Amino acid sequence: MPATVSDEHLTAVLRTFVRTASPALDAVRRSGPREVVADTPLSLPRRVLRRVVVLRVPGTAAWARMGTARRVRWWTGPFGRLTAAVTAIPGLGGVLASRLPVQDLLGSAAQGLILCAIAGECGVTDTDTRTRLLAAVLFDRTLPAQLTSAETTTAPPSRGKAGLGGALWRLAQELRGIDSLLGSRPTGGRLLGVLGSLPLLGFVGHYLAERAGTRTIRKRALTWLTAHRGTARHAGAVSPEK
């Protein structure tokens with residue numbers, strides 16, 4: 001585990017990230033993924049969008065009737081596939097892209113955004129708990145409660161409707177202060193890492209690695225939220241999915 005980032009610094013960065021993620025999640029809930037992917041730097045075929053953008057999306061009547069487990073699976077399923085595709089774009093450059101920090105920046109931002117969404121679906125709305133959740137799930141760090149409860153920053157202003165690519169890039173900027181930790185986040189295995197180093201095929205490798213990472217953070221998040229159910233404000237009772 002990298003030891004170059006102090007608990008104090010990690011707390012400050014993740015708290016700001018959580019606050020910045022809220023407007024992005026609100027945009028998804030208001031507009032649905034059709035509008036959110038409008039400025040994504042990836043040309044998705046219509047048949048793919050029809051599979052990803054189904055009737056059961058935030059803001060619809062069908063969504064309101066869905067249970068917590070199904071909502072969580074939407075964020076890590078259809079929405080997770082979109083974030084994985086955007087994150088994997090630098091992989092088109094193969095090993096050259098692997099040497100740049102863009103991949104881990106975007107990937108960490110996407111995973112952090114999904115974790116905030118999962119927390120929200122489980123009833124966890126406070127910044128403190130979400131900050132500790134991100135530290136535990138992404139970097140296996142347990143932050144002292146006295147640090148996460150020290151509110152020293154103000155919430156960023158809402159930027160209104162924004163595309164997924166722009167939202168992830170803004171969120172990635174908030175993580176630049178903990179670059180040394182980003183490589184330790186959950187991703188795919190060694191084989192996918194090798195595939196990701198190949199030109200053109202690197203996109204496939206990075207995409208599959210991000211999808212594997214998304215499945216991992218879902219399990220870890222639900223386990224963590226259940227274990228901290230008594231200390232998380234506004235948290236609902238959610239059992240980890242098998």
# chains A, B, ... in the order shown; residues from 1 in each chain; ligands from 1
>>> residues_around(residues="region 129-141 of chain A", least_positions_apart="5", cutoff="8 Å", atoms="only C-alpha atoms", output="PyMOL selection string")
chain A and resi 1+10-11+14-15+18+108+111-112+115-116+119+124+148+181-182+184-186+217+220-221+224-225+232-233
>>> residues_around(residues="Val5 (chain A)", least_positions_apart="6", cutoff="9 Å", atoms="only C-alpha atoms", output="ChimeraX atom specification")
/A:177-178,180-181
>>> closest_residue(among="A:Leu113, A:Leu222, A:Ala61, A:Leu168", to="Arg19 (chain A)", atoms="only C-alpha atoms")
A:Leu113
>>> residues_around(residues="Asp179 (chain A)", least_positions_apart="3", cutoff="8 Å", atoms="only C-alpha atoms", output="CSV table (one decimal) with all heavy atoms, in the first residue's frame")
chain,number,residue,atom,x,y,z
A,101,PRO,N,-0.8,9.1,-16.8
A,101,PRO,CA,-1.7,8.9,-15.7
A,101,PRO,C,-3.2,9.1,-16.0
A,101,PRO,O,-4.0,8.9,-15.2
A,101,PRO,CB,-1.3,10.1,-14.8
A,101,PRO,CG,-0.8,11.1,-15.8
A,101,PRO,CD,-0.1,10.4,-16.9
A,105,LEU,N,-6.5,8.1,-13.7
A,105,LEU,CA,-7.3,9.3,-13.3
A,105,LEU,C,-8.7,9.1,-13.6
A,105,LEU,O,-9.6,9.3,-12.8
A,105,LEU,CB,-6.7,10.6,-13.9
A,105,LEU,CG,-5.5,11.2,-13.2
A,105,LEU,CD1,-4.9,12.3,-14.1
A,105,LEU,CD2,-5.9,11.8,-11.9
A,175,LEU,N,-8.6,14.4,-8.2
A,175,LEU,CA,-7.8,13.3,-7.7
A,175,LEU,C,-6.3,13.5,-8.0
A,175,LEU,O,-5.6,12.6,-7.6
A,175,LEU,CB,-8.3,12.0,-8.3
A,175,LEU,CG,-9.8,11.6,-7.9
A,175,LEU,CD1,-10.2,10.3,-8.7
A,175,LEU,CD2,-10.0,11.4,-6.4
A,176,ARG,N,-5.9,14.5,-8.6
A,176,ARG,CA,-4.5,14.7,-9.0
A,176,ARG,C,-3.6,14.7,-7.8
A,176,ARG,O,-2.4,14.4,-7.9
A,176,ARG,CB,-4.4,15.9,-9.8
A,176,ARG,CG,-4.8,15.8,-11.3
A,176,ARG,CD,-4.4,16.9,-12.1
A,176,ARG,NE,-4.8,16.7,-13.5
A,176,ARG,CZ,-4.1,16.0,-14.4
A,176,ARG,NH1,-2.9,15.5,-14.0
A,176,ARG,NH2,-4.5,15.9,-15.6
A,182,LEU,N,-3.6,6.0,-7.0
A,182,LEU,CA,-4.6,5.6,-8.0
A,182,LEU,C,-4.3,4.2,-8.7
A,182,LEU,O,-5.3,3.5,-9.1
A,182,LEU,CB,-4.7,6.7,-9.1
A,182,LEU,CG,-5.0,8.1,-8.6
A,182,LEU,CD1,-5.2,9.0,-9.7
A,182,LEU,CD2,-6.3,8.0,-7.7
A,183,GLY,N,-3.1,3.8,-8.7
A,183,GLY,CA,-2.7,2.6,-9.4
A,183,GLY,C,-3.1,1.4,-8.5
A,183,GLY,O,-3.1,0.2,-9.0
>>> atom_distance(atom1="CA of Val57 (chain A)", atom2="CA of Val102 (chain A)")
28.9 Å
>>> atom_distance(atom1="CA of Ala109 (chain A)", atom2="CA of Trp169 (chain A)")
7.8 Å
>>> closest_residue(among="A:Ala64, A:Ala69, A:Val86, A:Ala21", to="Ile114 (chain A)", atoms="only C-alpha atoms")
A:Ala21
>>> atom_distance(atom1="CA of Ala209 (chain A)", atom2="CA of Ala12 (chain A)")
28.0 Å
>>> decode(residues="region 126-148 of chain A", atoms="N, CA, C and O atoms", output="PDB file, in the first residue's frame")
ATOM      1  N   ASP A 126     -24.549  11.496   3.465  1.00  0.00           N
ATOM      2  CA  ASP A 126     -23.614  12.447   4.065  1.00  0.00           C
ATOM      3  C   ASP A 126     -22.208  12.303   3.496  1.00  0.00           C
ATOM      4  O   ASP A 126     -21.770  11.210   3.136  1.00  0.00           O
ATOM      5  N   THR A 127     -21.527  13.419   3.432  1.00  0.00           N
ATOM      6  CA  THR A 127     -20.187  13.473   2.851  1.00  0.00           C
ATOM      7  C   THR A 127     -19.190  12.633   3.640  1.00  0.00           C
ATOM      8  O   THR A 127     -18.317  11.980   3.054  1.00  0.00           O
ATOM      9  N   ASP A 128     -19.287  12.654   4.967  1.00  0.00           N
ATOM     10  CA  ASP A 128     -18.333  11.930   5.807  1.00  0.00           C
ATOM     11  C   ASP A 128     -18.304  10.448   5.464  1.00  0.00           C
ATOM     12  O   ASP A 128     -17.232   9.860   5.249  1.00  0.00           O
ATOM     13  N   THR A 129     -19.483   9.811   5.443  1.00  0.00           N
ATOM     14  CA  THR A 129     -19.543   8.372   5.194  1.00  0.00           C
ATOM     15  C   THR A 129     -19.082   8.039   3.785  1.00  0.00           C
ATOM     16  O   THR A 129     -18.368   7.051   3.568  1.00  0.00           O
ATOM     17  N   ARG A 130     -19.468   8.838   2.815  1.00  0.00           N
ATOM     18  CA  ARG A 130     -19.042   8.578   1.444  1.00  0.00           C
ATOM     19  C   ARG A 130     -17.531   8.718   1.301  1.00  0.00           C
ATOM     20  O   ARG A 130     -16.903   7.970   0.546  1.00  0.00           O
ATOM     21  N   THR A 131     -16.949   9.671   2.020  1.00  0.00           N
ATOM     22  CA  THR A 131     -15.497   9.837   1.981  1.00  0.00           C
ATOM     23  C   THR A 131     -14.792   8.599   2.525  1.00  0.00           C
ATOM     24  O   THR A 131     -13.829   8.092   1.932  1.00  0.00           O
ATOM     25  N   ARG A 132     -15.269   8.087   3.647  1.00  0.00           N
ATOM     26  CA  ARG A 132     -14.672   6.877   4.230  1.00  0.00           C
ATOM     27  C   ARG A 132     -14.901   5.663   3.339  1.00  0.00           C
ATOM     28  O   ARG A 132     -14.053   4.778   3.237  1.00  0.00           O
ATOM     29  N   LEU A 133     -16.065   5.616   2.682  1.00  0.00           N
ATOM     30  CA  LEU A 133     -16.375   4.515   1.764  1.00  0.00           C
ATOM     31  C   LEU A 133     -15.382   4.476   0.612  1.00  0.00           C
ATOM     32  O   LEU A 133     -14.835   3.419   0.275  1.00  0.00           O
ATOM     33  N   LEU A 134     -15.143   5.607  -0.017  1.00  0.00           N
ATOM     34  CA  LEU A 134     -14.205   5.661  -1.142  1.00  0.00           C
ATOM     35  C   LEU A 134     -12.805   5.261  -0.709  1.00  0.00           C
ATOM     36  O   LEU A 134     -12.116   4.515  -1.416  1.00  0.00           O
ATOM     37  N   ALA A 135     -12.364   5.742   0.451  1.00  0.00           N
ATOM     38  CA  ALA A 135     -11.023   5.407   0.923  1.00  0.00           C
ATOM     39  C   ALA A 135     -10.884   3.910   1.166  1.00  0.00           C
ATOM     40  O   ALA A 135      -9.868   3.299   0.805  1.00  0.00           O
ATOM     41  N   ALA A 136     -11.917   3.303   1.746  1.00  0.00           N
ATOM     42  CA  ALA A 136     -11.861   1.878   2.078  1.00  0.00           C
ATOM     43  C   ALA A 136     -11.935   1.005   0.834  1.00  0.00           C
ATOM     44  O   ALA A 136     -11.164   0.053   0.679  1.00  0.00           O
ATOM     45  N   VAL A 137     -12.863   1.316  -0.071  1.00  0.00           N
ATOM     46  CA  VAL A 137     -13.100   0.452  -1.233  1.00  0.00           C
ATOM     47  C   VAL A 137     -12.023   0.625  -2.302  1.00  0.00           C
ATOM     48  O   VAL A 137     -11.535  -0.353  -2.867  1.00  0.00           O
ATOM     49  N   LEU A 138     -11.634   1.852  -2.572  1.00  0.00           N
ATOM     50  CA  LEU A 138     -10.673   2.092  -3.646  1.00  0.00           C
ATOM     51  C   LEU A 138      -9.226   1.859  -3.220  1.00  0.00           C
ATOM     52  O   LEU A 138      -8.424   1.337  -4.001  1.00  0.00           O
ATOM     53  N   PHE A 139      -8.897   2.234  -1.983  1.00  0.00           N
ATOM     54  CA  PHE A 139      -7.488   2.223  -1.583  1.00  0.00           C
ATOM     55  C   PHE A 139      -7.212   1.421  -0.317  1.00  0.00           C
ATOM     56  O   PHE A 139      -6.081   1.451   0.185  1.00  0.00           O
ATOM     57  N   ASP A 140      -8.218   0.731   0.200  1.00  0.00           N
ATOM     58  CA  ASP A 140      -8.045  -0.089   1.402  1.00  0.00           C
ATOM     59  C   ASP A 140      -7.478   0.739   2.553  1.00  0.00           C
ATOM     60  O   ASP A 140      -6.604   0.295   3.297  1.00  0.00           O
ATOM     61  N   ARG A 141      -7.997   1.952   2.711  1.00  0.00           N
ATOM     62  CA  ARG A 141      -7.554   2.847   3.785  1.00  0.00           C
ATOM     63  C   ARG A 141      -8.721   3.125   4.720  1.00  0.00           C
ATOM     64  O   ARG A 141      -9.839   3.415   4.271  1.00  0.00           O
ATOM     65  N   THR A 142      -8.465   3.046   6.010  1.00  0.00           N
ATOM     66  CA  THR A 142      -9.464   3.375   7.019  1.00  0.00           C
ATOM     67  C   THR A 142      -9.153   4.754   7.567  1.00  0.00           C
ATOM     68  O   THR A 142      -8.130   4.945   8.238  1.00  0.00           O
ATOM     69  N   LEU A 143     -10.014   5.711   7.275  1.00  0.00           N
ATOM     70  CA  LEU A 143      -9.775   7.085   7.697  1.00  0.00           C
ATOM     71  C   LEU A 143     -10.343   7.329   9.090  1.00  0.00           C
ATOM     72  O   LEU A 143     -11.469   6.909   9.382  1.00  0.00           O
ATOM     73  N   PRO A 144      -9.591   8.020   9.956  1.00  0.00           N
ATOM     74  CA  PRO A 144     -10.088   8.346  11.294  1.00  0.00           C
ATOM     75  C   PRO A 144     -11.345   9.191  11.225  1.00  0.00           C
ATOM     76  O   PRO A 144     -11.444  10.105  10.399  1.00  0.00           O
ATOM     77  N   ALA A 145     -12.309   8.888  12.074  1.00  0.00           N
ATOM     78  CA  ALA A 145     -13.590   9.601  12.052  1.00  0.00           C
ATOM     79  C   ALA A 145     -13.416  11.092  12.292  1.00  0.00           C
ATOM     80  O   ALA A 145     -14.146  11.912  11.728  1.00  0.00           O
ATOM     81  N   GLN A 146     -12.437  11.476  13.125  1.00  0.00           N
ATOM     82  CA  GLN A 146     -12.275  12.901  13.435  1.00  0.00           C
ATOM     83  C   GLN A 146     -11.814  13.691  12.218  1.00  0.00           C
ATOM     84  O   GLN A 146     -12.040  14.900  12.142  1.00  0.00           O
ATOM     85  N   LEU A 147     -11.202  13.008  11.245  1.00  0.00           N
ATOM     86  CA  LEU A 147     -10.773  13.700  10.036  1.00  0.00           C
ATOM     87  C   LEU A 147     -11.935  13.900   9.082  1.00  0.00           C
ATOM     88  O   LEU A 147     -12.129  14.985   8.538  1.00  0.00           O
ATOM     89  N   THR A 148     -12.713  12.842   8.856  1.00  0.00           N
ATOM     90  CA  THR A 148     -13.794  12.938   7.883  1.00  0.00           C
ATOM     91  C   THR A 148     -14.928  13.810   8.376  1.00  0.00           C
ATOM     92  O   THR A 148     -15.724  14.306   7.585  1.00  0.00           O
TER      93      THR A 148
END
